[in-house]
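Participant: Take this structure, written in structure tokens, and hold onto it; I'll ask about it next.
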Amino acid sequence: YQRIVLAARPRGPVAEQNFRLESVAVPALADGEVLVRNHYLSLDPYMRGRMSAAKSYAASQALDHTMIGNTVGQVVASRHADFAVGDYAGGLLGWAEMGVADGSLLRKLDISRIPLSVYLGAAGMPGMAAWYGLNQIIAPKTGETIVVSAASGAVGSVVGQLAKLQGCRVVGIAGGPEKCAHVREVLGFDACVDYKAGQLEADLAAATPDGVDGIFENVGGATLDAALARSNAFGRIALCGLIGGFNGQEMPIKNSRILLINRLSLRGFIVTEHMDLWPQGLEQLAALVAEGKLKYHETVAAGLAAAPQAFMGLLQGQNLGKQLVKLI
Ligand code: NDP
């Protein structure tokens with residue numbers, strides 16, 4: 001089967017030469033292991049961090065090893081009691097058409113309720129990040145105003161819809177008129193500000209007449225500053241991501257004084273450190289998707305060889321919704 005390894009660490013923007021596609025033999029299964037044919041690979045911003053050698057919350061991805069990645073697929077061989085051939089399973093099998101994992105590291109997936117790919121998006125890690133940051137950090141009350149950046153993306157789209165379901169006014173920030181139209185018309189946000197239109201602060205002010213009580217931050221830099229400038233007293237900020245600084249750009253917070261005068265609280269989080277809440281959160285998210293109350297959009301690249309370009313596209317904002325690679 002084919003896989004993609006990290007060939008070289010990026011210096012600046014990620015490039016095709018950072019990756020290498022290669023063929024490998026299917027390994028024999030040890031006791032407890034499961035062989036999965038991956039149907040979808042998820043491309044996520046965190047992979048950019050793993051490609052770099054810089055210190056972070058998780059160790060770097062090793063050179064010449066399969067690129068890390070969340071996958072969903074179907075069991076083709078099993079030496080684990082909980083998995084039978086034909087079962088659907090999610091795991092971290094990486095940028096590869098197949099993979100072996102210990103059964104204890106795989107999650108069995110029910111595709112009778114929601115499609116398989118959704119377990120990589122709204123009912124998977126990105127959805128859980130949205131659920132955690134919104135419910136555990138922002139803890140919104142009915143009638144409050146919530147701002148979320150990268151609003152059309154995998155995480156942001158879920159944040160806004162969950163906040164709407166809790167009776168909030170929800171304002172997104174996204175790049176370009178098409179994304180903003182999607183955020184308003186398909187996802188049902190009250191407003192969406194196009195930061196590429198060049199007047200983010202004024203447009204965000206117009207969209208938040210009652211100020212901002214919760215900020216779900218995915219980007220950082222000017223986006224965060226604009227939201228801080230609109231904050232109300234005792235506002236909460238869930239710092240989920242800083243994709244605006246992924247290529248080493250500095251992201252100073254100009255409005256730091258507002259943190260003090262408005263007595264704001266800001267908390268960063270890493271969703272994989274809260275596994276105890278995943279069963280509860282994922283169950284809610286899957287149920288909402290199944291009931292049609294949580295909408296999702298996918299941008300799907302075809303075939304493993306397309307993964308590097310699709311990943312570079314994700315880091316340039318070319319995706320709408322969840323970026324996936326369809327492998328079969
Ligand atoms: P998205 O699907 O939102 O895709 C990334 C989007 O970021 C792009 O489409 C783009 O949308 C937006 N963006 C804004 N500014 C930039 C920029 N300067 N460069 C590139 N893209 C930019 O990704 P996810 O929903 O998967 O992730 C969103 C954020 O959440 C990321 O920061 C990620 O690291 C973080 N995250 C954190 C987790 C945690 O545990 N803390 C878990 C999962 C994700 P636009 O065109 O609108 O600008």
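In the structure tokens, the first chain shown is A, the next is B, and so on; residue numbers restart at 1 for each chain, and ligands run from 1 in the order shown.
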Could you give me, as a list in words, the residues within 8 Å of region 140-146 of chain A, counting only C-alpha atoms and dropping anything in the same chain fewer than 5 positions from it?
Facilitator: Leu134, Asn135, Gly160, Ala163, Gln166, Gly167, Cys168, Arg169, Val170, Val171, Thr208, Asp210, Gly211, Val212, Asp213, Gly214, Ile215 and Phe216 of chain A
Participant: Excluding region 257-263 of chain A and its own-chain neighbours fewer than 2 positions away, which residues fall within 6 Å of it when counting only C-alpha atoms? Please give them as number ranges by chain.
Facilitator: A: 233-234, 255
Participant: Find the residues of chain A that sit at most 6 Å from ligand 1; for each, write down the nearest two atoms and how far apart they are in Å, to one decimal. Count only C-alpha atoms and all ligand atoms. Sort by chain, then by number going up, and give it as a Markdown table.
Facilitator:
```
| residue | atom | partner | partner_atom_place_in_ligand_line | distance |
| --- | --- | --- | --- | --- |
| A:Asp44 | CA | ligand 1 | 26 (O) | 4.9 |
| A:Pro45 | CA | ligand 1 | 34 (O) | 4.7 |
| A:Tyr46 | CA | ligand 1 | 34 (O) | 5.0 |
| A:Pro126 | CA | ligand 1 | 43 (C) | 4.8 |
| A:Ala129 | CA | ligand 1 | 42 (C) | 5.0 |
| A:Ala150 | CA | ligand 1 | 47 (O) | 4.5 |
| A:Gly153 | CA | ligand 1 | 2 (O) | 3.2 |
| A:Ala154 | CA | ligand 1 | 25 (O) | 3.6 |
| A:Val155 | CA | ligand 1 | 25 (O) | 3.7 |
| A:Gly156 | CA | ligand 1 | 25 (O) | 5.7 |
| A:Ala174 | CA | ligand 1 | 47 (O) | 3.4 |
| A:Gly175 | CA | ligand 1 | 47 (O) | 3.7 |
| A:Asn218 | CA | ligand 1 | 32 (O) | 4.3 |
| A:Val219 | CA | ligand 1 | 15 (N) | 5.3 |
| A:Cys240 | CA | ligand 1 | 41 (N) | 4.1 |
| A:Gly241 | CA | ligand 1 | 32 (O) | 3.2 |
| A:Leu242 | CA | ligand 1 | 32 (O) | 4.7 |
| A:Ile243 | CA | ligand 1 | 32 (O) | 4.2 |
| A:Gly244 | CA | ligand 1 | 18 (N) | 3.5 |
| A:Phe269 | CA | ligand 1 | 41 (N) | 5.0 |
| A:Ile270 | CA | ligand 1 | 40 (O) | 3.5 |
| A:Val271 | CA | ligand 1 | 40 (O) | 3.7 |
| A:Leu314 | CA | ligand 1 | 4 (O) | 5.5 |
| A:Leu315 | CA | ligand 1 | 20 (C) | 4.4 |
| A:Gln316 | CA | ligand 1 | 20 (C) | 4.5 |
| A:Gly317 | CA | ligand 1 | 9 (O) | 3.4 |
| A:Gln318 | CA | ligand 1 | 9 (O) | 5.7 |
| A:Asn319 | CA | ligand 1 | 9 (O) | 5.0 |
| A:Gly321 | CA | ligand 1 | 2 (O) | 5.2 |
| A:Lys322 | CA | ligand 1 | 2 (O) | 5.0 |
```
Participant: Can you write just those residues out, C-alpha atoms, as a tab-separated table (two decimals), in the first residue's frame?
Facilitator:
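Printed below is out-v2.tsv as written:
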```tsv
chain	number	residue	atom	x	y	z
A	44	ASP	CA	-5.78	19.29	10.19
A	45	PRO	CA	-3.82	22.42	11.04
A	46	TYR	CA	-2.04	20.70	13.97
A	126	PRO	CA	-12.61	19.19	15.41
A	129	ALA	CA	-12.56	21.02	20.10
A	150	ALA	CA	-12.08	30.68	10.96
A	153	GLY	CA	-13.85	25.76	9.02
A	154	ALA	CA	-14.15	22.39	10.71
A	155	VAL	CA	-14.03	23.76	14.25
A	156	GLY	CA	-15.53	27.22	13.74
A	174	ALA	CA	-13.99	34.34	7.70
A	175	GLY	CA	-11.98	35.05	4.58
A	218	ASN	CA	-8.79	30.04	15.95
A	219	VAL	CA	-6.51	32.53	14.20
A	240	CYS	CA	-8.15	27.11	20.38
A	241	GLY	CA	-5.72	27.89	17.60
A	242	LEU	CA	-3.29	30.43	16.19
A	243	ILE	CA	-3.29	29.49	12.54
A	244	GLY	CA	-2.39	33.07	11.60
A	269	PHE	CA	-6.71	24.18	25.58
A	270	ILE	CA	-5.64	21.02	23.79
A	271	VAL	CA	-8.68	18.89	23.15
A	314	LEU	CA	-5.83	24.14	4.03
A	315	LEU	CA	-2.98	26.30	5.33
A	316	GLN	CA	-3.90	28.96	2.76
A	317	GLY	CA	-7.60	28.95	3.55
A	318	GLN	CA	-8.65	27.20	0.33
A	319	ASN	CA	-10.88	24.72	2.16
A	321	GLY	CA	-15.45	23.26	6.00
A	322	LYS	CA	-13.60	20.07	6.84
```
Participant: With distances taken over only C-alpha atoms, which of A:Ala96, A:Ala84, A:Val148, A:Leu277 is nearest to Glu22 (chain A)?
Facilitator: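 Among A:Ala96, A:Ala84, A:Val148, A:Leu277, it is A:Ala96 that comes nearest to Glu22 (chain A).
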Participant: To one decimal in Å, tell me the separation between CA of Ala307 (chain A) and CA of Lys108 (chain A).
Facilitator: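 Computing it gives 24.7 Å between the two atoms.
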